[in-house]
>>> print(open('data-v8.txt').read())   # compact mmCIF, C-alpha atoms and all ligand atoms
# COMPACT_ATOMS: atom_id res chain seq x y z
CA MET M 1205 116.34 121.46 94.10
CA ILE M 1206 116.81 117.76 94.87
CA ASN M 1207 115.22 116.49 98.05
CA VAL M 1208 115.68 113.18 99.81
CA THR M 1209 112.44 112.06 98.22
CA LYS M 1210 109.81 113.24 95.78
CA THR M 1211 106.18 112.16 95.79
CA TYR M 1212 105.34 109.84 92.92
CA LEU M 1213 102.34 111.24 91.05
CA PRO M 1214 100.65 108.78 88.69
CA ASN M 1215 98.97 109.59 85.37
CA VAL M 1216 96.54 112.43 86.05
CA GLU M 1217 93.93 111.23 83.53
CA LYS M 1218 93.72 107.90 85.32
CA TYR M 1219 93.31 109.67 88.66
CA LYS M 1220 90.59 111.90 87.18
CA GLN M 1221 88.62 108.82 86.08
CA TYR M 1222 88.44 107.73 89.70
CA ILE M 1223 87.46 111.26 90.77
CA ASP M 1224 84.64 111.15 88.21
CA GLU M 1225 83.49 107.87 89.76
CA ILE M 1226 83.48 109.48 93.21
CA TYR M 1227 81.46 112.44 91.91
CA ALA M 1228 79.03 110.12 90.15
CA ASN M 1229 78.23 108.02 93.20
CA GLY M 1230 78.67 110.74 95.84
CA TRP M 1231 80.43 108.34 98.23
CA VAL M 1232 83.50 110.15 99.58
CA THR M 1233 84.36 108.34 102.82
CA ASN M 1234 83.15 105.66 105.31
CA ASN M 1235 84.43 102.45 103.73
CA GLY M 1236 83.54 103.43 100.16
CA PRO M 1237 83.97 101.25 97.07
CA LEU M 1238 87.49 102.49 96.27
CA VAL M 1239 88.71 101.81 99.81
CA GLN M 1240 87.23 98.32 99.54
CA LYS M 1241 88.85 97.79 96.16
CA LEU M 1242 92.25 99.00 97.36
CA GLU M 1243 92.09 96.77 100.44
CA LYS M 1244 91.43 93.75 98.29
CA ARG M 1245 94.11 94.57 95.72
CA LEU M 1246 96.75 95.34 98.36
CA ALA M 1247 96.04 92.17 100.32
CA GLU M 1248 96.48 90.17 97.11
CA TYR M 1249 99.59 92.05 96.02
CA LEU M 1250 101.28 91.75 99.42
CA GLY M 1251 100.10 88.18 99.98
CA VAL M 1252 98.43 88.85 103.34
CA LYS M 1253 95.19 87.59 104.80
CA ASN M 1254 93.68 90.50 106.74
CA LEU M 1255 94.49 94.05 105.65
CA ILE M 1256 92.61 97.09 106.96
CA LEU M 1257 93.19 100.53 105.49
CA VAL M 1258 93.45 103.53 107.82
CA SER M 1259 94.18 107.24 107.54
CA ASN M 1260 97.91 107.10 108.37
CA GLY M 1261 100.70 104.96 109.77
CA THR M 1262 100.66 106.60 113.21
CA VAL M 1263 97.03 105.81 113.84
CA ALA M 1264 97.64 102.28 112.49
CA LEU M 1265 100.09 101.79 115.38
CA GLU M 1266 97.58 103.17 117.89
CA ILE M 1267 94.82 100.90 116.63
CA ALA M 1268 97.22 97.94 116.87
CA TYR M 1269 97.94 98.66 120.55
CA ARG M 1270 94.23 99.01 121.33
CA THR M 1271 93.25 95.93 119.35
CA LEU M 1272 95.73 93.87 121.35
CA GLY M 1273 94.83 95.58 124.64
CA LEU M 1274 98.43 96.47 125.52
CA LYS M 1275 99.25 97.74 128.99
CA GLY M 1276 102.37 98.89 130.84
CA PHE M 1277 105.76 98.65 129.15
CA VAL M 1278 106.55 98.04 125.50
CA ILE M 1279 110.07 97.20 124.37
CA THR M 1280 110.98 99.16 121.27
CA THR M 1281 113.81 100.64 119.26
CA PRO M 1282 115.21 104.14 119.82
CA PHE M 1283 116.26 104.25 116.15
CA SER M 1284 113.06 105.07 114.29
CA PHE M 1285 110.76 107.87 113.26
CA VAL M 1286 109.37 109.61 116.33
CA ALA M 1287 105.82 108.25 115.71
CA THR M 1288 106.91 104.75 116.76
CA THR M 1289 107.58 106.05 120.27
CA SER M 1290 105.11 108.93 120.53
CA SER M 1291 102.18 106.67 119.61
CA LEU M 1292 103.02 104.52 122.65
CA VAL M 1293 103.13 107.55 124.94
CA THR M 1294 99.81 108.96 123.70
CA ASN M 1295 98.24 105.58 124.49
CA GLY M 1296 99.55 105.50 128.05
CA LEU M 1297 102.27 102.95 127.31
CA LEU M 1298 105.89 103.32 128.45
CA PRO M 1299 108.55 102.81 125.76
CA ILE M 1300 111.47 100.72 127.02
CA PHE M 1301 114.33 101.19 124.59
CA SER M 1302 116.49 98.27 123.67
CA ASP M 1303 119.61 99.07 121.64
CA ILE M 1304 120.10 98.40 117.95
CA ASN M 1305 122.57 96.39 115.94
CA PRO M 1306 124.87 99.10 114.48
CA ASN M 1307 125.08 97.30 111.14
CA THR M 1308 121.43 96.44 110.44
CA PHE M 1309 120.05 99.49 112.38
CA ASN M 1310 117.29 97.19 113.73
CA LEU M 1311 116.53 96.21 117.32
CA ALA M 1312 119.21 93.65 118.21
CA SER M 1313 117.22 90.56 119.14
CA GLU M 1314 119.91 89.41 121.60
CA ASN M 1315 119.35 92.58 123.68
CA ILE M 1316 115.59 92.21 124.05
CA GLU M 1317 115.31 89.61 126.80
CA GLN M 1318 117.27 91.60 129.36
CA SER M 1319 114.67 94.39 129.14
CA ILE M 1320 111.64 92.18 129.85
CA THR M 1321 109.98 92.65 133.24
CA LYS M 1322 106.62 91.65 134.70
CA ASN M 1323 105.19 94.93 133.37
CA THR M 1324 106.13 94.23 129.75
CA SER M 1325 103.19 93.51 127.48
CA ALA M 1326 104.71 93.68 124.00
CA ILE M 1327 107.68 94.14 121.71
CA LEU M 1328 107.50 96.82 119.01
CA PRO M 1329 110.36 96.41 116.53
CA VAL M 1330 110.71 98.42 113.32
CA HIS M 1331 111.90 97.03 109.96
CA VAL M 1332 114.14 100.06 109.62
CA PHE M 1333 114.43 101.37 106.03
CA GLY M 1334 112.71 98.17 104.84
CA ASN M 1335 115.37 95.87 106.37
CA SER M 1336 113.57 92.88 107.84
CA CYS M 1337 114.09 92.33 111.57
CA GLU M 1338 115.18 88.93 112.89
CA VAL M 1339 111.56 87.90 112.93
CA GLU M 1340 112.08 84.27 113.93
CA GLU M 1341 114.27 85.12 116.93
CA ILE M 1342 111.87 87.86 118.04
CA GLY M 1343 108.91 85.49 117.64
CA ALA M 1344 110.64 82.90 119.83
CA ILE M 1345 111.37 85.46 122.60
CA ALA M 1346 107.77 86.68 122.52
CA ALA M 1347 106.39 83.15 122.71
CA LYS M 1348 108.68 82.29 125.65
CA HIS M 1349 107.56 85.34 127.65
CA ASN M 1350 103.97 85.45 126.41
CA LEU M 1351 104.33 88.89 124.83
CA LYS M 1352 102.57 90.43 121.85
CA VAL M 1353 104.61 91.58 118.86
CA ILE M 1354 103.66 94.57 116.73
CA TYR M 1355 105.94 95.34 113.82
CA ASP M 1356 106.12 98.95 112.74
CA ALA M 1357 106.44 98.05 109.05
CA ALA M 1358 106.03 101.63 107.80
CA HIS M 1359 109.04 101.09 105.51
CA ALA M 1360 108.48 97.40 104.74
CA PHE M 1361 106.02 97.54 101.85
CA ASP M 1362 106.30 94.31 99.85
CA ILE M 1363 109.17 92.79 101.85
CA ARG M 1364 109.24 89.01 101.93
CA TYR M 1365 111.04 86.99 104.58
CA LYS M 1366 111.89 83.49 103.44
CA ASP M 1367 108.75 82.33 101.65
CA LYS M 1368 106.10 84.74 102.91
CA SER M 1369 105.34 88.41 103.49
CA VAL M 1370 107.27 89.82 106.44
CA LEU M 1371 103.97 91.45 107.42
CA GLU M 1372 102.62 88.07 108.49
CA TYR M 1373 105.12 87.79 111.36
CA GLY M 1374 104.09 89.00 114.79
CA ASP M 1375 100.51 89.70 115.91
CA ILE M 1376 100.00 92.87 113.89
CA SER M 1377 102.12 94.79 111.39
CA THR M 1378 101.43 98.40 110.45
CA LEU M 1379 102.23 100.22 107.21
CA SER M 1380 102.44 103.90 106.31
CA PHE M 1381 101.24 105.11 102.93
CA HIS M 1382 102.40 108.69 103.40
CA ALA M 1383 103.20 110.61 100.20
CA THR M 1384 106.93 110.11 100.69
CA LYS M 1385 106.70 106.33 100.86
CA LEU M 1386 107.46 103.74 98.17
CA PHE M 1387 103.73 103.05 97.85
CA HIS M 1388 101.44 105.88 98.89
CA SER M 1389 97.86 107.13 99.01
CA ILE M 1390 98.73 110.79 99.83
CA GLU M 1391 98.14 110.04 103.53
CA GLY M 1392 97.25 106.55 104.61
CA GLY M 1393 98.28 103.35 106.29
CA ALA M 1394 97.21 99.81 107.00
CA LEU M 1395 97.05 97.12 109.65
CA ILE M 1396 97.87 93.51 108.83
CA ILE M 1397 96.29 91.34 111.47
CA ASN M 1398 97.27 87.72 111.77
CA ASP M 1399 94.62 86.52 114.21
CA ASP M 1400 91.30 86.46 112.31
CA SER M 1401 89.34 86.88 115.54
CA LEU M 1402 90.79 90.40 116.07
CA VAL M 1403 89.80 91.80 112.70
CA GLU M 1404 86.28 92.79 113.61
CA LYS M 1405 87.43 94.64 116.74
CA ALA M 1406 90.05 96.59 114.74
CA ARG M 1407 87.41 97.48 112.16
CA TYR M 1408 85.15 99.11 114.69
CA LEU M 1409 88.04 100.75 116.55
CA ILE M 1410 88.84 102.74 113.38
CA ASN M 1411 85.20 103.86 113.24
CA PHE M 1412 84.79 105.49 116.70
CA GLY M 1413 84.32 102.08 118.37
CA ILE M 1414 80.95 101.70 116.66
CA LYS M 1415 80.16 98.06 116.01
CA ASN M 1416 76.68 98.57 114.54
CA THR M 1417 73.75 100.99 114.90
CA GLU M 1418 72.99 99.66 118.40
CA GLU M 1419 76.41 98.96 119.95
CA ILE M 1420 79.54 100.99 120.77
CA PRO M 1421 81.52 98.40 122.72
CA GLU M 1422 84.96 100.02 122.58
CA LEU M 1423 86.69 103.35 122.94
CA GLY M 1424 87.46 103.99 119.29
CA THR M 1425 88.75 106.78 117.14
CA ASN M 1426 88.36 108.10 113.61
CA ALA M 1427 91.01 106.41 111.49
CA LYS M 1428 89.16 106.05 108.23
CA MET M 1429 90.80 106.41 104.81
CA ASN M 1430 88.76 108.42 102.32
CA GLU M 1431 87.93 107.70 98.67
CA PHE M 1432 90.27 110.34 97.19
CA GLU M 1433 93.19 108.75 99.02
CA ALA M 1434 92.15 105.25 97.95
CA ALA M 1435 91.94 106.46 94.32
CA MET M 1436 95.53 107.68 94.54
CA GLY M 1437 96.56 104.34 96.07
CA LEU M 1438 94.90 102.42 93.22
CA CYS M 1439 96.76 104.51 90.62
CA VAL M 1440 100.14 104.17 92.37
CA LEU M 1441 99.65 100.42 92.79
CA ASP M 1442 99.27 100.08 89.02
CA ASP M 1443 102.77 101.53 88.60
CA ILE M 1444 104.49 99.83 91.52
CA GLU M 1445 106.74 97.47 89.54
CA GLU M 1446 108.13 100.38 87.52
CA ILE M 1447 108.62 102.43 90.71
CA LYS M 1448 110.49 99.58 92.38
CA SER M 1449 112.76 98.83 89.45
CA ARG M 1450 113.75 102.47 89.07
CA ARG M 1451 114.51 102.71 92.79
CA LYS M 1452 116.56 99.53 92.63
CA ALA M 1453 118.72 101.02 89.87
CA VAL M 1454 119.27 104.23 91.86
CA CYS M 1455 120.17 102.31 95.00
CA GLU M 1456 122.57 99.99 93.19
CA MET M 1457 124.42 102.90 91.62
CA TYR M 1458 124.97 104.52 95.04
CA VAL M 1459 126.28 101.23 96.46
CA LYS M 1460 128.56 100.64 93.49
CA GLU M 1461 130.04 104.14 93.63
CA LEU M 1462 130.26 104.76 97.37
CA SER M 1463 130.71 101.45 99.16
CA THR M 1464 134.45 101.88 99.69
CA LEU M 1465 133.90 105.32 101.26
CA VAL M 1466 130.89 104.95 103.54
CA GLN M 1467 129.00 102.26 105.49
CA PHE M 1468 125.77 100.92 103.96
CA GLN M 1469 123.05 99.09 105.88
CA GLU M 1470 123.59 95.34 106.29
CA MET M 1471 120.45 93.75 104.89
CA ASN M 1472 118.78 90.61 106.26
CA PRO M 1473 119.98 87.75 104.01
CA TYR M 1474 116.65 85.90 104.32
CA ALA M 1475 114.57 88.84 103.14
CA SER M 1476 113.90 90.75 99.94
CA GLN M 1477 114.59 94.48 99.61
CA ASN M 1478 112.34 97.32 98.47
CA TYR M 1479 114.92 100.10 97.98
CA SER M 1480 112.81 102.61 99.84
CA TYR M 1481 115.76 104.45 101.43
CA VAL M 1482 119.51 104.77 100.89
CA PRO M 1483 121.09 105.45 104.27
CA ILE M 1484 124.86 105.95 104.48
CA VAL M 1485 126.87 106.11 107.69
CA LEU M 1486 129.85 108.45 107.75
CA LYS M 1487 132.92 107.96 109.96
CA THR M 1488 132.16 110.93 112.20
CA GLU M 1489 129.44 113.54 112.68
CA GLU M 1490 131.90 116.18 111.44
CA GLN M 1491 132.32 114.21 108.21
CA LEU M 1492 128.54 113.98 107.92
CA LYS M 1493 128.19 117.74 108.30
CA LYS M 1494 130.86 118.30 105.65
CA VAL M 1495 129.02 116.06 103.16
CA GLN M 1496 125.66 117.62 104.04
CA LYS M 1497 127.03 121.16 103.60
CA ALA M 1498 128.63 120.33 100.23
CA LEU M 1499 125.33 118.87 98.98
CA ASN M 1500 123.22 121.71 100.39
CA GLU M 1501 125.42 124.23 98.60
CA GLN M 1502 124.32 122.63 95.32
CA ASN M 1503 120.65 122.66 96.39
CA ILE M 1504 120.64 118.95 97.26
CA PHE M 1505 118.97 118.00 100.53
CA PRO M 1506 119.61 114.57 102.01
CA ARG M 1507 117.95 113.97 105.41
CA ARG M 1508 119.37 113.03 108.78
CA TYR M 1509 117.09 110.01 109.26
CA PHE M 1510 116.78 109.08 112.06
CA TYR M 1511 118.04 111.90 114.17
CA PRO M 1512 117.97 112.41 117.08
CA SER M 1513 117.91 108.98 118.67
CA LEU M 1514 114.56 108.59 120.43
CA ASP M 1515 116.13 107.75 123.79
CA THR M 1516 116.97 111.47 123.97
CA LEU M 1517 113.30 112.59 123.80
CA SER M 1518 112.59 115.04 126.61
CA TYR M 1519 109.13 113.62 127.39
CA ILE M 1520 110.27 110.05 128.09
CA GLU M 1521 110.83 109.20 131.75
CA PRO M 1522 112.84 107.46 133.10
CA LYS M 1523 115.81 108.56 131.00
CA GLN M 1524 117.41 105.76 129.02
CA LEU M 1525 120.69 105.43 127.15
CA CYS M 1526 121.23 103.42 123.95
CA LEU M 1527 124.77 104.03 122.79
CA ASN M 1528 124.61 102.27 119.41
CA SER M 1529 121.48 104.15 118.43
CA ARG M 1530 122.91 107.51 119.47
CA ASP M 1531 126.14 106.82 117.61
CA ILE M 1532 124.43 105.75 114.36
CA ALA M 1533 121.90 108.60 114.61
CA SER M 1534 124.77 111.10 114.79
CA ARG M 1535 126.44 109.78 111.62
CA ILE M 1536 123.65 108.67 109.29
CA LEU M 1537 122.37 110.44 106.20
CA CYS M 1538 119.64 109.29 103.81
CA LEU M 1539 120.47 110.10 100.19
CA PRO M 1540 117.93 111.24 97.58
CA ILE M 1541 116.08 108.33 95.99
CA TYR M 1542 112.92 108.47 93.88
CA PRO M 1543 111.92 107.14 90.47
CA GLU M 1544 112.41 110.42 88.61
CA LEU M 1545 115.95 111.03 89.88
CA THR M 1546 117.99 111.21 86.68
CA PHE M 1547 121.35 109.59 85.99
CA GLU M 1548 122.91 113.07 85.70
CA GLU M 1549 121.46 114.22 89.02
CA GLN M 1550 122.64 111.08 90.75
CA THR M 1551 126.11 111.39 89.22
CA LEU M 1552 126.30 114.94 90.57
CA ILE M 1553 125.29 113.77 94.08
CA ILE M 1554 127.92 111.01 94.00
CA ASP M 1555 130.65 113.35 92.76
CA ILE M 1556 129.90 115.90 95.49
CA ILE M 1557 130.05 113.20 98.18
CA LYS M 1558 133.32 111.84 96.80
CA GLY M 1559 134.73 115.37 96.68
CA ALA M 1560 133.72 116.10 100.28
CA LEU M 1561 135.30 112.85 101.47
CA SER M 1562 138.57 113.19 99.54
C1 LIG M 1601 108.98 104.03 111.07
C2 LIG M 1601 107.76 104.89 110.94
N1 LIG M 1601 106.70 104.64 111.74
C3 LIG M 1601 105.57 105.37 111.67
C4 LIG M 1601 105.45 106.40 110.76
C5 LIG M 1601 104.19 107.22 110.74
O1 LIG M 1601 103.50 107.10 109.54
P1 LIG M 1601 102.52 108.28 109.05
O2 LIG M 1601 103.38 109.41 108.58
O3 LIG M 1601 101.78 107.65 107.91
O4 LIG M 1601 101.64 108.63 110.19
C6 LIG M 1601 106.50 106.70 109.90
C7 LIG M 1601 106.38 107.79 108.93
O5 LIG M 1601 107.23 108.19 108.22
C8 LIG M 1601 107.70 105.93 109.99
O6 LIG M 1601 108.76 106.19 109.20
>>> encode(input="data-v8.txt", output="C-alpha cells", more="lines below")
Ligand SMILES: Cc1ncc(COP(=O)(O)O)c(C=O)c1O
Amino acid sequence: MINVTKTYLPNVEKYKQYIDEIYANGWVTNNGPLVQKLEKRLAEYLGVKNLILVSNGTVALEIAYRTLGLKGFVITTPFSFVATTSSLVTNGLLPIFSDINPNTFNLASENIEQSITKNTSAILPVHVFGNSCEVEEIGAIAAKHNLKVIYDAAHAFDIRYKDKSVLEYGDISTLSFHATKLFHSIEGGALIINDDSLVEKARYLINFGIKNTEEIPELGTNAKMNEFEAAMGLCVLDDIEEIKSRRKAVCEMYVKELSTLVQFQEMNPYASQNYSYVPIVLKTEEQLKKVQKALNEQNIFPRRYFYPSLDTLSYIEPKQLCLNSRDIASRILCLPIYPELTFEEQTLIIDIIKGALS
C-alpha cells in the first residue's frame, strides 16, 4: 500500500540512546533537557531568533492568538487544513475568508484589503504546501491598517524568502511537527515570535499561564512538548538534508513526467522550496475521481488536500463564498511523496495517472 505520506523513522539505536538518557535522569516533560536542546538546534538550523516548542501545530496557533491578544475578526484563507480555521473559532474569533490565487493556492494579497473592517484584528495567511505567501505585500497591508499577522507555517519548515527565513515575517509564525510532516517529532509544533517582548508571555501561556511559583497572570493552557517527542525531533533533524534531497528528487520526477497533463502549484520566485507536498490540479472533479479510482485500485492512496474548502464549514456563520478556493479544492490531489518512495513505485504512480488521463 502506498499512502500520500509515510512517517520518517530515524535510526532506532540513536533514538534508544536518547530514551536511555531520559530513563537515567527521570525527566520526561516540563521543559526538559532534550526540549531545550531541540529548541536551540532548530532555532539555529532555521535561522530564527525566538523559537518555542509546543505539543502540536494547532495549539501553536491558539497560543499565537492569545499572545497577541486578538479579538473580533481575523482574515484568513479558506484553502487550508481545517485547524487553521477551527483554532480561530475555539478562541472566540470569527474567520473572515478572503479568496486565494488559483495558481499559488495562497491568500491573494490583492483581495485582503476589501475584507478589512473596524472589527478586524489580524490576518492569518498560510504558506500552503510550503509555498511562501507574498509576505512583503501582506506586511505592508497590515502596517497600513495596524493589524497583526500570524503565518500558519505548518508546511513551511526551512523556507527562506529572499535572504532570511520566511518564519521571521509577520508577528508570529507557527509550525507543525506532526508525524506526516517534512520534519517531525511524532506530535509537536513551534512558535516563532519576532517581538522579543512577547516571548515570556508565550512561554507561560503554554504552561497553564503560570509565570512562576507565585503568579498566574494569564489564562493559559497545557501545550508542552515532552522529552520523548523532542528525542524524535533531534534524531530526525540529524537526517534532514537527506530527507530533503530525496523529496526533491521525487518532486522533480513528478513535474518532469506530468507537467503537460496537469497543473502544478506556481511557486513564489523569491522563496526556496521544501518539497513537502506534490499537489496536482486536474481539469475537472470527474477527471480527479477517475485518477483517484485508478490509483486506489492499485492500492495507492493520494489525498484530496485540501478538501472541502473551509468556507463550506457548517459551523461558520455568516456563510461566505470563495469561488477560487472551492474550485481548486474540488480538483486538487496530493500525490505520494516521502523519502522511501522507490523509483519503481513512483514510475507505477506516474504510469497509472498517464493511463487514466489518456
Ligand atoms: C496548514 C496546517 N495548519 C495547522 C495544522 C495543525 O497541525 P497539528 O496537526 O500539528 O496540530 C496542520 C496539520 O496538518 C496544517 O496542515
>>> residues_near_ligand(input="data-v8.txt", ligand="ligand LIG 1601 (chain M)", cutoff="10 Å", atoms="only C-alpha atoms and all ligand atoms", output="NGL selection string")
:M and (1258-1265 or 1283-1291 or 1329-1334 or 1355-1360 or 1378-1385 or 1388-1394 or 1509-1510)
>>> closest_residue(input="data-v8.txt", among="M:Gln1496, M:Gln1467, M:Thr1211, M:Thr1321", to="Pro1483 (chain M)", atoms="all atoms listed in the file")
M:Gln1467
>>> atom_distance(input="data-v8.txt", atom1="CA of Leu1395 (chain M)", atom2="CA of Ile1256 (chain M)")
5.2 Å
>>> closest_residue(input="data-v8.txt", among="M:Ala1560, M:Leu1292, M:Val1440, M:Ile1447", to="Tyr1542 (chain M)", atoms="only C-alpha atoms")
M:Ile1447
>>> closest_residue(input="data-v8.txt", among="M:Ile1396, M:Ile1279, M:Val1466, M:Ile1345", to="Leu1537 (chain M)", atoms="only C-alpha atoms")
M:Val1466
>>> decode(input="data-v8.txt", residues="region 1385-1412 of chain M", atoms="N, CA and C atoms", output="compact mmCIF listing (two decimals), in the first residue's frame")
# COMPACT_ATOMS: atom_id res chain seq x y z
N LYS M 1385 4.79 15.29 8.67
CA LYS M 1385 5.46 16.48 8.12
C LYS M 1385 6.91 16.18 7.71
N LEU M 1386 7.46 17.09 6.92
CA LEU M 1386 8.85 17.00 6.46
C LEU M 1386 9.82 16.81 7.63
N PHE M 1387 9.70 17.66 8.63
CA PHE M 1387 10.42 17.48 9.89
C PHE M 1387 9.37 17.16 10.94
N HIS M 1388 9.62 16.15 11.77
CA HIS M 1388 8.59 15.83 12.77
C HIS M 1388 9.18 15.40 14.11
N SER M 1389 8.32 15.47 15.13
CA SER M 1389 8.69 14.98 16.46
C SER M 1389 7.53 14.11 16.99
N ILE M 1390 6.97 13.30 16.14
CA ILE M 1390 5.78 12.46 16.38
C ILE M 1390 4.56 13.37 16.38
N GLU M 1391 4.33 14.08 17.47
CA GLU M 1391 3.41 15.23 17.52
C GLU M 1391 4.29 16.39 17.96
N GLY M 1392 3.92 17.58 17.57
CA GLY M 1392 4.72 18.72 18.01
C GLY M 1392 4.48 19.93 17.14
N GLY M 1393 5.05 21.03 17.56
CA GLY M 1393 4.92 22.26 16.80
C GLY M 1393 5.79 23.33 17.44
N ALA M 1394 5.76 24.51 16.85
CA ALA M 1394 6.59 25.59 17.39
C ALA M 1394 5.99 26.94 17.05
N LEU M 1395 6.35 27.92 17.90
CA LEU M 1395 6.03 29.32 17.60
C LEU M 1395 7.34 30.04 17.33
N ILE M 1396 7.34 30.88 16.31
CA ILE M 1396 8.49 31.76 16.06
C ILE M 1396 7.96 33.17 16.28
N ILE M 1397 8.53 33.82 17.28
CA ILE M 1397 7.99 35.10 17.73
C ILE M 1397 9.00 36.20 17.41
N ASN M 1398 8.56 37.19 16.68
CA ASN M 1398 9.54 38.20 16.24
C ASN M 1398 9.77 39.31 17.25
N ASP M 1399 8.77 39.61 18.06
CA ASP M 1399 8.92 40.67 19.07
C ASP M 1399 9.44 40.01 20.37
N ASP M 1400 10.68 40.33 20.73
CA ASP M 1400 11.29 39.69 21.92
C ASP M 1400 10.43 39.86 23.17
N SER M 1401 9.71 40.98 23.26
CA SER M 1401 8.99 41.27 24.49
C SER M 1401 7.78 40.35 24.69
N LEU M 1402 7.40 39.58 23.63
CA LEU M 1402 6.24 38.68 23.77
C LEU M 1402 6.63 37.25 24.14
N VAL M 1403 7.93 36.99 24.14
CA VAL M 1403 8.38 35.61 24.32
C VAL M 1403 8.03 35.08 25.71
N GLU M 1404 8.24 35.89 26.71
CA GLU M 1404 7.98 35.42 28.06
C GLU M 1404 6.49 35.09 28.25
N LYS M 1405 5.63 35.95 27.72
CA LYS M 1405 4.18 35.70 27.84
C LYS M 1405 3.82 34.37 27.17
N ALA M 1406 4.34 34.15 25.96
CA ALA M 1406 4.03 32.89 25.26
C ALA M 1406 4.53 31.70 26.07
N ARG M 1407 5.69 31.85 26.69
CA ARG M 1407 6.24 30.73 27.47
C ARG M 1407 5.33 30.37 28.65
N TYR M 1408 4.74 31.36 29.30
CA TYR M 1408 3.88 30.93 30.40
C TYR M 1408 2.48 30.55 29.94
N LEU M 1409 2.08 31.05 28.76
CA LEU M 1409 0.78 30.60 28.22
C LEU M 1409 0.79 29.10 27.90
N ILE M 1410 1.96 28.57 27.49
CA ILE M 1410 1.98 27.13 27.18
C ILE M 1410 2.06 26.28 28.44
N ASN M 1411 2.26 26.94 29.59
CA ASN M 1411 2.37 26.22 30.86
C ASN M 1411 1.28 26.69 31.83
N PHE M 1412 0.01 26.61 31.36
CA PHE M 1412 -1.18 26.91 32.18
C PHE M 1412 -1.28 28.39 32.58
